[in-house]
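So this one's start_33.pdb, PDB, C-alpha atoms and all ligand atoms:
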```
MODEL        1
ATOM      1  CA  MET A   1     -26.122  18.247 -25.207
ATOM      2  CA  SER A   2     -29.315  20.290 -24.996
ATOM      3  CA  ASN A   3     -31.975  18.973 -22.614
ATOM      4  CA  ALA A   4     -34.466  19.242 -25.495
ATOM      5  CA  VAL A   5     -32.853  16.280 -27.305
ATOM      6  CA  ARG A   6     -35.031  13.194 -26.809
ATOM      7  CA  THR A   7     -32.862  10.237 -25.939
ATOM      8  CA  THR A   8     -33.454   6.509 -25.778
ATOM      9  CA  LYS A   9     -31.807   3.775 -23.724
ATOM     10  CA  PRO A  10     -31.448   0.322 -25.363
ATOM     11  CA  ILE A  11     -31.837  -2.640 -23.023
ATOM     12  CA  ALA A  12     -29.896  -5.203 -25.082
ATOM     13  CA  GLY A  13     -26.639  -5.332 -27.006
ATOM     14  CA  PRO A  14     -23.301  -3.731 -26.207
ATOM     15  CA  GLY A  15     -24.923  -0.295 -25.728
ATOM     16  CA  ALA A  16     -27.529  -1.568 -23.267
ATOM     17  CA  GLY A  17     -28.318   0.954 -20.561
ATOM     18  CA  ILE A  18     -26.462   3.786 -22.330
ATOM     19  CA  GLU A  19     -28.451   6.881 -23.274
ATOM     20  CA  SER A  20     -28.376   7.744 -26.966
ATOM     21  CA  PHE A  21     -30.190   9.636 -29.715
ATOM     22  CA  PHE A  22     -30.642   9.352 -33.489
ATOM     23  CA  PHE A  23     -29.208  11.838 -35.955
ATOM     24  CA  LYS A  24     -29.914  11.893 -39.688
ATOM     25  CA  PHE A  25     -27.920  13.762 -42.337
ATOM     26  CA  GLY A  26     -28.356  13.065 -46.044
ATOM     27  CA  ASP A  27     -28.913   9.327 -46.429
ATOM     28  CA  HIS A  28     -27.064   8.571 -43.217
ATOM     29  CA  ARG A  29     -28.506   7.735 -39.839
ATOM     30  CA  VAL A  30     -26.335   7.310 -36.759
ATOM     31  CA  ARG A  31     -27.060   6.541 -33.153
ATOM     32  CA  LEU A  32     -24.907   8.698 -30.934
ATOM     33  CA  ALA A  33     -24.284   7.942 -27.273
ATOM     34  CA  ALA A  34     -24.923  10.920 -25.003
ATOM     35  CA  ASN A  35     -21.861  11.732 -22.934
ATOM     36  CA  LYS A  36     -21.479  14.961 -20.984
ATOM     37  CA  LYS A  37     -17.674  14.694 -21.256
ATOM     38  CA  SER A  38     -17.697  14.384 -25.067
ATOM     39  CA  PRO A  39     -15.794  17.101 -26.980
ATOM     40  CA  ILE A  40     -18.684  17.039 -29.473
ATOM     41  CA  LYS A  41     -21.671  19.203 -28.562
ATOM     42  CA  VAL A  42     -25.127  19.555 -30.069
ATOM     43  CA  ILE A  43     -26.610  22.957 -30.913
ATOM     44  CA  GLY A  44     -29.786  23.875 -32.713
ATOM     45  CA  SER A  45     -33.485  24.275 -32.265
ATOM     46  CA  GLY A  46     -36.335  21.873 -32.740
ATOM     47  CA  SER A  47     -35.216  18.852 -34.689
ATOM     48  CA  ASP A  48     -32.619  20.732 -36.792
ATOM     49  CA  ILE A  49     -29.270  20.395 -35.113
ATOM     50  CA  THR A  50     -25.547  20.816 -35.747
ATOM     51  CA  LEU A  51     -22.746  18.833 -34.145
ATOM     52  CA  ILE A  52     -19.838  21.073 -33.142
ATOM     53  CA  LYS A  53     -16.310  20.410 -31.906
ATOM     54  CA  ASP A  54     -14.013  23.115 -30.538
ATOM     55  CA  GLY A  55     -16.725  25.610 -31.467
ATOM     56  CA  LYS A  56     -16.623  24.615 -35.138
ATOM     57  CA  PRO A  57     -19.523  22.900 -36.954
ATOM     58  CA  ILE A  58     -18.854  19.316 -38.106
ATOM     59  CA  VAL A  59     -22.165  18.303 -39.639
ATOM     60  CA  SER A  60     -25.785  19.480 -39.693
ATOM     61  CA  GLY A  61     -28.871  17.334 -39.876
ATOM     62  CA  ARG A  62     -31.947  16.492 -37.906
ATOM     63  CA  LEU A  63     -32.926  14.533 -34.872
ATOM     64  CA  GLU A  64     -35.119  11.546 -35.444
ATOM     65  CA  ALA A  65     -37.637  10.457 -32.865
ATOM     66  CA  ALA A  66     -37.387   6.824 -31.796
ATOM     67  CA  LEU A  67     -40.672   4.882 -31.844
ATOM     68  CA  SER A  68     -39.489   2.075 -29.602
ATOM     69  CA  HIS A  69     -35.700   2.527 -29.324
ATOM     70  CA  CYS A  70     -35.341   3.181 -33.076
ATOM     71  CA  PRO A  71     -36.743   5.573 -35.729
ATOM     72  CA  GLU A  72     -39.551   3.978 -37.774
ATOM     73  CA  GLN A  73     -39.086   0.689 -35.931
ATOM     74  CA  ALA A  74     -40.405  -1.044 -32.889
ATOM     75  CA  TYR A  75     -37.146  -2.457 -31.559
ATOM     76  CA  LEU A  76     -37.886  -4.809 -28.695
ATOM     77  CA  THR A  77     -35.923  -6.981 -26.346
ATOM     78  CA  ILE A  78     -37.856 -10.089 -25.416
ATOM     79  CA  SER A  79     -35.652 -11.343 -22.558
ATOM     80  CA  GLY A  80     -33.566  -8.589 -20.997
ATOM     81  CA  ARG A  81     -31.532 -11.128 -19.035
ATOM     82  CA  CYS A  82     -29.125 -13.907 -19.948
ATOM     83  CA  VAL A  83     -27.782 -17.142 -18.488
ATOM     84  CA  TYR A  84     -24.599 -16.698 -20.551
ATOM     85  CA  ASP A  85     -21.894 -14.238 -19.673
ATOM     86  CA  CYS A  86     -20.204 -12.750 -22.733
ATOM     87  CA  LYS A  87     -17.612 -10.505 -21.162
ATOM     88  CA  PHE A  88     -18.447  -7.389 -23.206
ATOM     89  CA  CYS A  89     -22.209  -7.657 -22.695
ATOM     90  CA  PRO A  90     -24.069  -5.824 -19.928
ATOM     91  CA  VAL A  91     -27.295  -7.869 -20.259
ATOM     92  CA  PRO A  92     -26.403 -10.540 -17.625
ATOM     93  CA  SER A  93     -25.633  -7.807 -15.057
ATOM     94  CA  LEU A  94     -28.706  -5.763 -15.941
ATOM     95  CA  ALA A  95     -30.937  -8.801 -15.306
ATOM     96  CA  GLY A  96     -33.879  -7.056 -16.950
ATOM     97  CA  GLU A  97     -37.470  -8.155 -17.457
ATOM     98  CA  VAL A  98     -38.779 -10.877 -19.738
ATOM     99  CA  LYS A  99     -41.602  -9.429 -21.824
ATOM    100  CA  GLY A 100     -44.802 -11.350 -22.310
ATOM    101  CA  GLN A 101     -46.816 -11.272 -25.525
ATOM    102  CA  GLU A 102     -49.327  -8.742 -24.188
ATOM    103  CA  GLU A 103     -46.595  -6.261 -23.288
ATOM    104  CA  ILE A 104     -45.005  -6.737 -26.709
ATOM    105  CA  PHE A 105     -48.339  -6.166 -28.473
ATOM    106  CA  GLN A 106     -48.868  -2.987 -26.454
ATOM    107  CA  ILE A 107     -45.463  -1.553 -27.384
ATOM    108  CA  VAL A 108     -45.822  -2.430 -31.070
ATOM    109  CA  GLN A 109     -49.379  -1.062 -31.142
ATOM    110  CA  GLU A 110     -48.187   2.269 -29.658
ATOM    111  CA  SER A 111     -45.623   2.502 -32.469
ATOM    112  CA  TRP A 112     -48.230   1.480 -35.056
ATOM    113  CA  LYS A 113     -50.576   4.251 -33.890
ATOM    114  CA  THR A 114     -47.995   6.905 -34.821
ATOM    115  CA  GLY A 115     -48.397   5.915 -38.485
ATOM    116  CA  HIS A 116     -44.583   5.706 -38.859
ATOM    117  CA  LEU A 117     -43.963   2.033 -38.090
ATOM    118  CA  ARG A 118     -42.013   0.449 -40.955
ATOM    119  CA  ALA A 119     -40.531  -2.618 -39.267
ATOM    120  CA  ILE A 120     -40.383  -4.666 -36.093
ATOM    121  CA  SER A 121     -37.053  -5.884 -34.679
ATOM    122  CA  LEU A 122     -36.851  -8.474 -31.956
ATOM    123  CA  THR A 123     -33.765  -9.344 -29.999
ATOM    124  CA  SER A 124     -33.270 -11.367 -26.853
ATOM    125  CA  GLY A 125     -30.917 -12.594 -24.193
ATOM    126  CA  VAL A 126     -31.381 -16.162 -22.975
ATOM    127  CA  GLU A 127     -33.612 -16.447 -19.929
ATOM    128  CA  SER A 128     -33.213 -20.187 -19.359
ATOM    129  CA  SER A 129     -32.137 -22.085 -22.500
ATOM    130  CA  VAL A 130     -31.498 -21.242 -26.144
ATOM    131  CA  GLU A 131     -34.209 -23.725 -27.194
ATOM    132  CA  ASP A 132     -36.866 -22.148 -24.958
ATOM    133  CA  GLU A 133     -35.822 -18.681 -26.096
ATOM    134  CA  ALA A 134     -36.109 -19.661 -29.766
ATOM    135  CA  LYS A 135     -39.577 -21.175 -29.130
ATOM    136  CA  ARG A 136     -40.647 -17.973 -27.398
ATOM    137  CA  ALA A 137     -39.389 -15.886 -30.357
ATOM    138  CA  VAL A 138     -41.236 -18.150 -32.826
ATOM    139  CA  SER A 139     -44.518 -17.785 -30.968
ATOM    140  CA  ILE A 140     -44.122 -13.970 -30.702
ATOM    141  CA  VAL A 141     -43.265 -13.622 -34.411
ATOM    142  CA  SER A 142     -46.240 -15.748 -35.349
ATOM    143  CA  ALA A 143     -48.600 -13.619 -33.229
ATOM    144  CA  LEU A 144     -47.137 -10.334 -34.560
ATOM    145  CA  ARG A 145     -47.307 -11.566 -38.151
ATOM    146  CA  ALA A 146     -51.034 -12.224 -37.724
ATOM    147  CA  ARG A 147     -51.539  -8.559 -36.768
ATOM    148  CA  TYR A 148     -48.942  -6.490 -38.662
ATOM    149  CA  ASP A 149     -47.951  -6.466 -42.309
ATOM    150  CA  VAL A 150     -44.436  -5.031 -41.820
ATOM    151  CA  PRO A 151     -41.032  -6.744 -42.037
ATOM    152  CA  ILE A 152     -40.046  -8.553 -38.842
ATOM    153  CA  GLY A 153     -36.374  -9.121 -38.027
ATOM    154  CA  VAL A 154     -35.135 -11.444 -35.300
ATOM    155  CA  SER A 155     -31.779 -11.660 -33.550
ATOM    156  CA  ILE A 156     -31.331 -14.579 -31.156
ATOM    157  CA  TYR A 157     -28.774 -17.281 -30.437
ATOM    158  CA  PRO A 158     -29.517 -19.999 -33.048
ATOM    159  CA  THR A 159     -30.800 -23.505 -32.497
ATOM    160  CA  LYS A 160     -30.804 -26.344 -35.034
ATOM    161  CA  THR A 161     -34.298 -25.412 -36.226
ATOM    162  CA  SER A 162     -34.591 -21.705 -35.396
ATOM    163  CA  SER A 163     -34.167 -20.465 -38.985
ATOM    164  CA  ALA A 164     -36.804 -22.771 -40.465
ATOM    165  CA  ASP A 165     -39.165 -22.202 -37.520
ATOM    166  CA  LEU A 166     -38.824 -18.403 -37.564
ATOM    167  CA  LYS A 167     -39.245 -18.233 -41.322
ATOM    168  CA  GLN A 168     -42.351 -20.383 -41.071
ATOM    169  CA  ALA A 169     -43.689 -18.083 -38.329
ATOM    170  CA  GLY A 170     -43.325 -15.055 -40.619
ATOM    171  CA  ALA A 171     -39.906 -13.538 -39.870
ATOM    172  CA  THR A 172     -38.371 -11.540 -42.741
ATOM    173  CA  GLU A 173     -34.737 -11.378 -41.634
ATOM    174  CA  ILE A 174     -32.443 -13.142 -39.231
ATOM    175  CA  LYS A 175     -29.334 -12.074 -37.377
ATOM    176  CA  TYR A 176     -27.069 -14.530 -35.556
ATOM    177  CA  ASN A 177     -24.068 -12.787 -34.076
ATOM    178  CA  VAL A 178     -20.547 -14.155 -34.466
ATOM    179  CA  GLU A 179     -19.317 -11.313 -32.176
ATOM    180  CA  THR A 180     -15.724 -12.048 -33.249
ATOM    181  CA  MET A 181     -14.173 -14.231 -35.961
ATOM    182  CA  ASP A 182     -11.094 -14.988 -33.865
ATOM    183  CA  PRO A 183     -11.869 -18.440 -32.350
ATOM    184  CA  LYS A 184      -9.449 -17.953 -29.430
ATOM    185  CA  ILE A 185     -10.993 -14.615 -28.487
ATOM    186  CA  PHE A 186     -14.499 -16.067 -28.906
ATOM    187  CA  ALA A 187     -13.672 -18.938 -26.521
ATOM    188  CA  LYS A 188     -12.411 -16.409 -23.973
ATOM    189  CA  VAL A 189     -15.173 -13.794 -24.156
ATOM    190  CA  CYS A 190     -18.215 -15.942 -25.082
ATOM    191  CA  GLN A 191     -17.635 -18.943 -22.831
ATOM    192  CA  ASN A 192     -20.081 -21.844 -23.275
ATOM    193  CA  LEU A 193     -21.233 -20.555 -26.676
ATOM    194  CA  SER A 194     -19.985 -21.899 -30.007
ATOM    195  CA  LEU A 195     -18.648 -19.830 -32.890
ATOM    196  CA  GLU A 196     -18.749 -22.930 -35.084
ATOM    197  CA  HIS A 197     -22.451 -23.421 -34.363
ATOM    198  CA  VAL A 198     -23.219 -19.748 -35.106
ATOM    199  CA  LEU A 199     -21.344 -19.980 -38.423
ATOM    200  CA  LYS A 200     -23.101 -23.206 -39.437
ATOM    201  CA  SER A 201     -26.452 -21.678 -38.512
ATOM    202  CA  LEU A 202     -25.720 -18.577 -40.598
ATOM    203  CA  GLU A 203     -24.791 -20.715 -43.576
ATOM    204  CA  LYS A 204     -28.017 -22.711 -43.244
ATOM    205  CA  ALA A 205     -30.083 -19.525 -42.835
ATOM    206  CA  VAL A 206     -29.109 -17.986 -46.196
ATOM    207  CA  PRO A 207     -31.118 -20.375 -48.441
ATOM    208  CA  ILE A 208     -34.050 -20.105 -46.018
ATOM    209  CA  PHE A 209     -34.236 -16.297 -45.728
ATOM    210  CA  GLY A 210     -32.597 -15.336 -49.022
ATOM    211  CA  LYS A 211     -30.095 -12.765 -50.195
ATOM    212  CA  ASN A 212     -29.590  -9.635 -48.053
ATOM    213  CA  ARG A 213     -31.772 -11.154 -45.334
ATOM    214  CA  VAL A 214     -29.116 -12.737 -43.093
ATOM    215  CA  SER A 215     -26.647 -10.697 -41.066
ATOM    216  CA  SER A 216     -24.242 -10.976 -38.165
ATOM    217  CA  ASN A 217     -22.848  -8.470 -35.685
ATOM    218  CA  PHE A 218     -19.075  -8.512 -35.647
ATOM    219  CA  ILE A 219     -17.385  -6.543 -32.867
ATOM    220  CA  GLN A 220     -14.099  -4.752 -33.451
ATOM    221  CA  GLY A 221     -11.808  -4.008 -30.534
ATOM    222  CA  LEU A 222     -11.712  -7.331 -28.667
ATOM    223  CA  GLY A 223      -8.009  -7.785 -29.452
ATOM    224  CA  GLU A 224      -8.379  -9.188 -32.977
ATOM    225  CA  SER A 225      -6.073  -8.186 -35.842
ATOM    226  CA  ASP A 226      -7.167  -6.333 -38.981
ATOM    227  CA  GLU A 227      -6.317  -9.469 -40.987
ATOM    228  CA  CYS A 228      -8.682 -11.482 -38.800
ATOM    229  CA  VAL A 229     -11.483  -8.945 -39.334
ATOM    230  CA  LEU A 230     -11.077  -8.919 -43.107
ATOM    231  CA  ALA A 231     -10.690 -12.703 -43.371
ATOM    232  CA  GLY A 232     -13.838 -13.008 -41.228
ATOM    233  CA  VAL A 233     -15.704 -10.546 -43.440
ATOM    234  CA  ALA A 234     -14.644 -12.601 -46.488
ATOM    235  CA  THR A 235     -15.847 -15.862 -44.874
ATOM    236  CA  LEU A 236     -19.228 -14.380 -43.981
ATOM    237  CA  THR A 237     -19.834 -12.677 -47.325
ATOM    238  CA  GLU A 238     -18.875 -15.845 -49.212
ATOM    239  CA  MET A 239     -21.717 -17.549 -47.335
ATOM    240  CA  GLY A 240     -24.068 -14.709 -48.314
ATOM    241  CA  VAL A 241     -24.119 -13.210 -44.808
ATOM    242  CA  ILE A 242     -23.871  -9.443 -44.245
ATOM    243  CA  PRO A 243     -21.309  -8.684 -41.519
ATOM    244  CA  ILE A 244     -22.209  -5.640 -39.431
ATOM    245  CA  LEU A 245     -19.008  -4.221 -38.015
ATOM    246  CA  ARG A 246     -19.506  -2.643 -34.623
ATOM    247  CA  PRO A 247     -16.865  -1.025 -32.448
ATOM    248  CA  ILE A 248     -16.682  -2.315 -28.898
ATOM    249  CA  SER A 249     -18.220   0.104 -26.423
ATOM    250  CA  PRO A 250     -16.563  -0.566 -23.085
ATOM    251  CA  HIS A 251     -19.539  -0.820 -20.760
ATOM    252  CA  PRO A 252     -19.305   0.515 -17.183
ATOM    253  CA  LEU A 253     -20.936  -2.688 -15.870
ATOM    254  CA  ARG A 254     -18.214  -4.864 -17.456
ATOM    255  CA  ARG A 255     -15.188  -2.803 -16.490
ATOM    256  CA  ARG A 256     -13.896  -5.539 -14.152
ATOM    257  CA  ASP A 257     -14.436  -8.378 -16.644
ATOM    258  CA  ILE A 258     -12.782  -7.149 -19.806
ATOM    259  CA  ASP A 259     -10.136  -4.582 -20.611
ATOM    260  CA  VAL A 260     -11.002  -3.113 -24.002
ATOM    261  CA  GLU A 261     -10.769   0.200 -25.771
ATOM    262  CA  ARG A 262     -12.893   1.561 -28.577
ATOM    263  CA  PRO A 263     -10.816   1.263 -31.792
ATOM    264  CA  SER A 264      -9.550   4.464 -33.376
ATOM    265  CA  ALA A 265     -11.654   6.259 -35.975
ATOM    266  CA  ASP A 266      -8.890   5.508 -38.534
ATOM    267  CA  ARG A 267      -9.093   1.782 -37.925
ATOM    268  CA  LEU A 268     -12.897   1.746 -38.026
ATOM    269  CA  LEU A 269     -12.959   3.691 -41.294
ATOM    270  CA  ARG A 270     -10.265   1.551 -42.905
ATOM    271  CA  LEU A 271     -12.007  -1.714 -42.010
ATOM    272  CA  SER A 272     -15.416  -0.376 -43.022
ATOM    273  CA  ARG A 273     -14.126   0.726 -46.425
ATOM    274  CA  GLU A 274     -12.534  -2.672 -47.037
ATOM    275  CA  THR A 275     -15.727  -4.390 -45.906
ATOM    276  CA  LYS A 276     -17.762  -2.278 -48.328
ATOM    277  CA  LYS A 277     -15.539  -3.449 -51.190
ATOM    278  CA  ILE A 278     -15.880  -7.104 -50.148
ATOM    279  CA  LEU A 279     -19.675  -6.739 -49.889
ATOM    280  CA  GLU A 280     -19.827  -5.210 -53.358
ATOM    281  CA  ALA A 281     -17.663  -8.010 -54.787
ATOM    282  CA  HIS A 282     -20.257 -10.494 -53.448
ATOM    283  CA  ASP A 283     -23.177  -8.373 -54.612
ATOM    284  CA  LEU A 284     -24.500  -8.010 -51.066
ATOM    285  CA  ARG A 285     -26.537  -4.887 -50.240
ATOM    286  CA  PRO A 286     -26.980  -3.926 -46.569
ATOM    287  CA  ASP A 287     -29.085  -0.975 -47.766
ATOM    288  CA  LEU A 288     -31.710  -3.462 -48.981
ATOM    289  CA  ALA A 289     -31.969  -5.113 -45.588
ATOM    290  CA  GLU A 290     -35.217  -4.289 -43.805
ATOM    291  CA  PRO A 291     -35.566  -4.238 -40.070
ATOM    292  CA  ILE A 292     -32.549  -5.353 -38.064
TER     293      ILE A 292
HETATM  294  S1  LIG A 301     -25.648 -14.524 -25.347
HETATM  295 FE1  LIG A 301     -23.910 -13.235 -24.748
HETATM  296  S2  LIG A 301     -24.125 -11.366 -26.020
HETATM  297 FE2  LIG A 301     -26.107 -12.438 -26.062
HETATM  298  S3  LIG A 301     -27.286 -11.482 -24.405
HETATM  299 FE3  LIG A 301     -26.288 -13.329 -23.570
HETATM  300  S4  LIG A 301     -24.390 -12.576 -22.647
HETATM  301 FE4  LIG A 301     -25.145 -10.978 -24.036
ENDMDL
END
```

Write the structure described by the file as structure tokens, please.
Amino acid sequence: MSNAVRTTKPIAGPGAGIESFFFKFGDHRVRLAANKKSPIKVIGSGSDITLIKDGKPIVSGRLEAALSHCPEQAYLTISGRCVYDCKFCPVPSLAGEVKGQEEIFQIVQESWKTGHLRAISLTSGVESSVEDEAKRAVSIVSALRARYDVPIGVSIYPTKTSSADLKQAGATEIKYNVETMDPKIFAKVCQNLSLEHVLKSLEKAVPIFGKNRVSSNFIQGLGESDECVLAGVATLTEMGVIPILRPISPHPLRRRDIDVERPSADRLLRLSRETKKILEAHDLRPDLAEPI
């Protein structure tokens, strides 16, 4: 990859700590991880680039600058550390900083000054307890809402009142992650967390936030079957929740804790196409979702 490509490094989620950049072609936007060993290379000048493989062009488009980890969005991690230890997640090992309100205001204001800020996304690990983390998110959303008239999305581990409290504070969308819909795998990889609680919280969030405003990350490649993925997608969409399928990205910091491989492109495409059909059957529109 050319040195001229501006990259970003998320500090939460499965890709935390991995350098990446944003590429737009047609109506599509993808975040690509930068990897010197990749058979795919980037050529081009300025923001117009082409991805090539074996010397042949695959697709042309343009680079998009990230405001704060994302084009047109201020994407912020409140607590970059976590007392839980989901085996695929690098956040507990990264033990990053916990941002205060002033730091958050500064980052959002920098993005605002560019004139391109369309949304704010907040995510968080759990610094001490899920209740304290939810309270912190509520107070940050409330303070941001008083200053910025853009959609605000929040992704945290739910509490009994987090949906009502965040909505009241001014959040537009909510994301509670199931991670996997296989209960046995969940119990193994997300010890001390509850899939049942996440599902109940998602169900309760839909009437509070409304249609196309509640979503859930759903990782593929933790050992689950295709049937489990599609049954899980059906369960979530029946509740009115948008499942966001994400392939596992084996993280260097978790190599000793979990043995996983990124699923094949064929499997990802097949499951994504089936998911699209299920979403359409439930009249759910991820393209209408705003920030997260
Ligand atoms: S709850 Fe699990 S997935 Fe979320 S930040 Fe903590 S360790 Fe990572």

Could you make a table, as a Markdown table, of the residues of chain A that have an atom within 12 Å of an atom of ligand LIG 301 (chain A), each with its nearest atom pair and distance in Å to one decimal, counting all atoms listed in the file, in chain and number order?
```
| residue | atom | partner | partner_atom | distance |
| --- | --- | --- | --- | --- |
| A:Ile11 | CA | A:LIG301 | S3 | 10.0 |
| A:Ala12 | CA | A:LIG301 | S3 | 6.8 |
| A:Gly13 | CA | A:LIG301 | FE4 | 6.6 |
| A:Pro14 | CA | A:LIG301 | S2 | 7.7 |
| A:Gly15 | CA | A:LIG301 | FE4 | 10.8 |
| A:Ala16 | CA | A:LIG301 | FE4 | 9.7 |
| A:Thr77 | CA | A:LIG301 | S3 | 9.9 |
| A:Ile78 | CA | A:LIG301 | S3 | 10.7 |
| A:Ser79 | CA | A:LIG301 | S3 | 8.6 |
| A:Gly80 | CA | A:LIG301 | S3 | 7.7 |
| A:Arg81 | CA | A:LIG301 | S3 | 6.9 |
| A:Cys82 | CA | A:LIG301 | FE3 | 4.6 |
| A:Val83 | CA | A:LIG301 | FE3 | 6.5 |
| A:Tyr84 | CA | A:LIG301 | S4 | 4.6 |
| A:Asp85 | CA | A:LIG301 | S4 | 4.2 |
| A:Cys86 | CA | A:LIG301 | S4 | 4.2 |
| A:Lys87 | CA | A:LIG301 | S4 | 7.2 |
| A:Phe88 | CA | A:LIG301 | S2 | 7.5 |
| A:Cys89 | CA | A:LIG301 | FE4 | 4.6 |
| A:Pro90 | CA | A:LIG301 | FE4 | 6.7 |
| A:Val91 | CA | A:LIG301 | FE4 | 5.3 |
| A:Pro92 | CA | A:LIG301 | S4 | 5.8 |
| A:Ser93 | CA | A:LIG301 | S4 | 9.0 |
| A:Leu94 | CA | A:LIG301 | FE4 | 10.3 |
| A:Ala95 | CA | A:LIG301 | S3 | 10.2 |
| A:Gly96 | CA | A:LIG301 | S3 | 10.9 |
| A:Thr123 | CA | A:LIG301 | S3 | 8.8 |
| A:Ser124 | CA | A:LIG301 | S3 | 6.5 |
| A:Gly125 | CA | A:LIG301 | S3 | 3.8 |
| A:Val126 | CA | A:LIG301 | FE3 | 5.9 |
| A:Glu127 | CA | A:LIG301 | FE3 | 8.8 |
| A:Ser128 | CA | A:LIG301 | FE3 | 10.6 |
| A:Ser129 | CA | A:LIG301 | S1 | 10.4 |
| A:Val130 | CA | A:LIG301 | S1 | 8.9 |
| A:Glu133 | CA | A:LIG301 | S1 | 11.0 |
| A:Ser155 | CA | A:LIG301 | FE2 | 9.4 |
| A:Ile156 | CA | A:LIG301 | FE2 | 7.6 |
| A:Tyr157 | CA | A:LIG301 | S1 | 6.6 |
| A:Pro158 | CA | A:LIG301 | S1 | 10.2 |
| A:Lys175 | CA | A:LIG301 | FE2 | 11.8 |
| A:Tyr176 | CA | A:LIG301 | FE2 | 9.8 |
| A:Asn177 | CA | A:LIG301 | S2 | 8.2 |
| A:Val178 | CA | A:LIG301 | S2 | 9.6 |
| A:Glu179 | CA | A:LIG301 | S2 | 7.8 |
| A:Thr180 | CA | A:LIG301 | S2 | 11.1 |
| A:Phe186 | CA | A:LIG301 | FE1 | 10.7 |
| A:Ala187 | CA | A:LIG301 | FE1 | 11.9 |
| A:Lys188 | CA | A:LIG301 | FE1 | 12.0 |
| A:Val189 | CA | A:LIG301 | FE1 | 8.8 |
| A:Cys190 | CA | A:LIG301 | FE1 | 6.3 |
| A:Gln191 | CA | A:LIG301 | FE1 | 8.7 |
| A:Asn192 | CA | A:LIG301 | S1 | 9.4 |
| A:Leu193 | CA | A:LIG301 | S1 | 7.6 |
| A:Ser194 | CA | A:LIG301 | S1 | 10.4 |
| A:Leu195 | CA | A:LIG301 | S1 | 11.6 |
| A:Val198 | CA | A:LIG301 | S1 | 11.3 |
| A:Asn217 | CA | A:LIG301 | S2 | 10.2 |
| A:Phe218 | CA | A:LIG301 | S2 | 11.2 |
| A:Ile219 | CA | A:LIG301 | S2 | 10.8 |
| A:Arg254 | CA | A:LIG301 | S4 | 11.2 |
```

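In this model, the gap between atom CA of Thr161 of chain A and atom CA of Lys200 of chain A comes to 11.9 Å.
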
Record the distance separating atom CA of Lys24 of chain A and atom CA of Lys53 of chain A, expressed in Å with one decimal. 17.8 Å

Report the closest atom pair, with its distance in Å rounded to one decimal, for each residue of segment 92-191 of chain A that has an atom no farther than 8 Å from segment 203-206 of chain A; count only C-alpha atoms, sort by chain and then rising residue number, and write it as a Markdown table.
```
| residue | atom | partner | partner_atom | distance |
| --- | --- | --- | --- | --- |
| A:Ser163 | CA | A:Ala205 | CA | 5.7 |
| A:Ala164 | CA | A:Ala205 | CA | 7.8 |
| A:Ile174 | CA | A:Ala205 | CA | 7.7 |
```

Test item: residues at most 12 Å from Val42 of chain A, all atoms listed in the file, excluding those fewer than 2 positions along its chain, as a count of residues only: 35

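Residues within 8 Å of Asp226 of chain A, counting only C-alpha atoms and excluding same-chain residues fewer than 3 positions away, are Val229, Leu230 and Leu271 of chain A.
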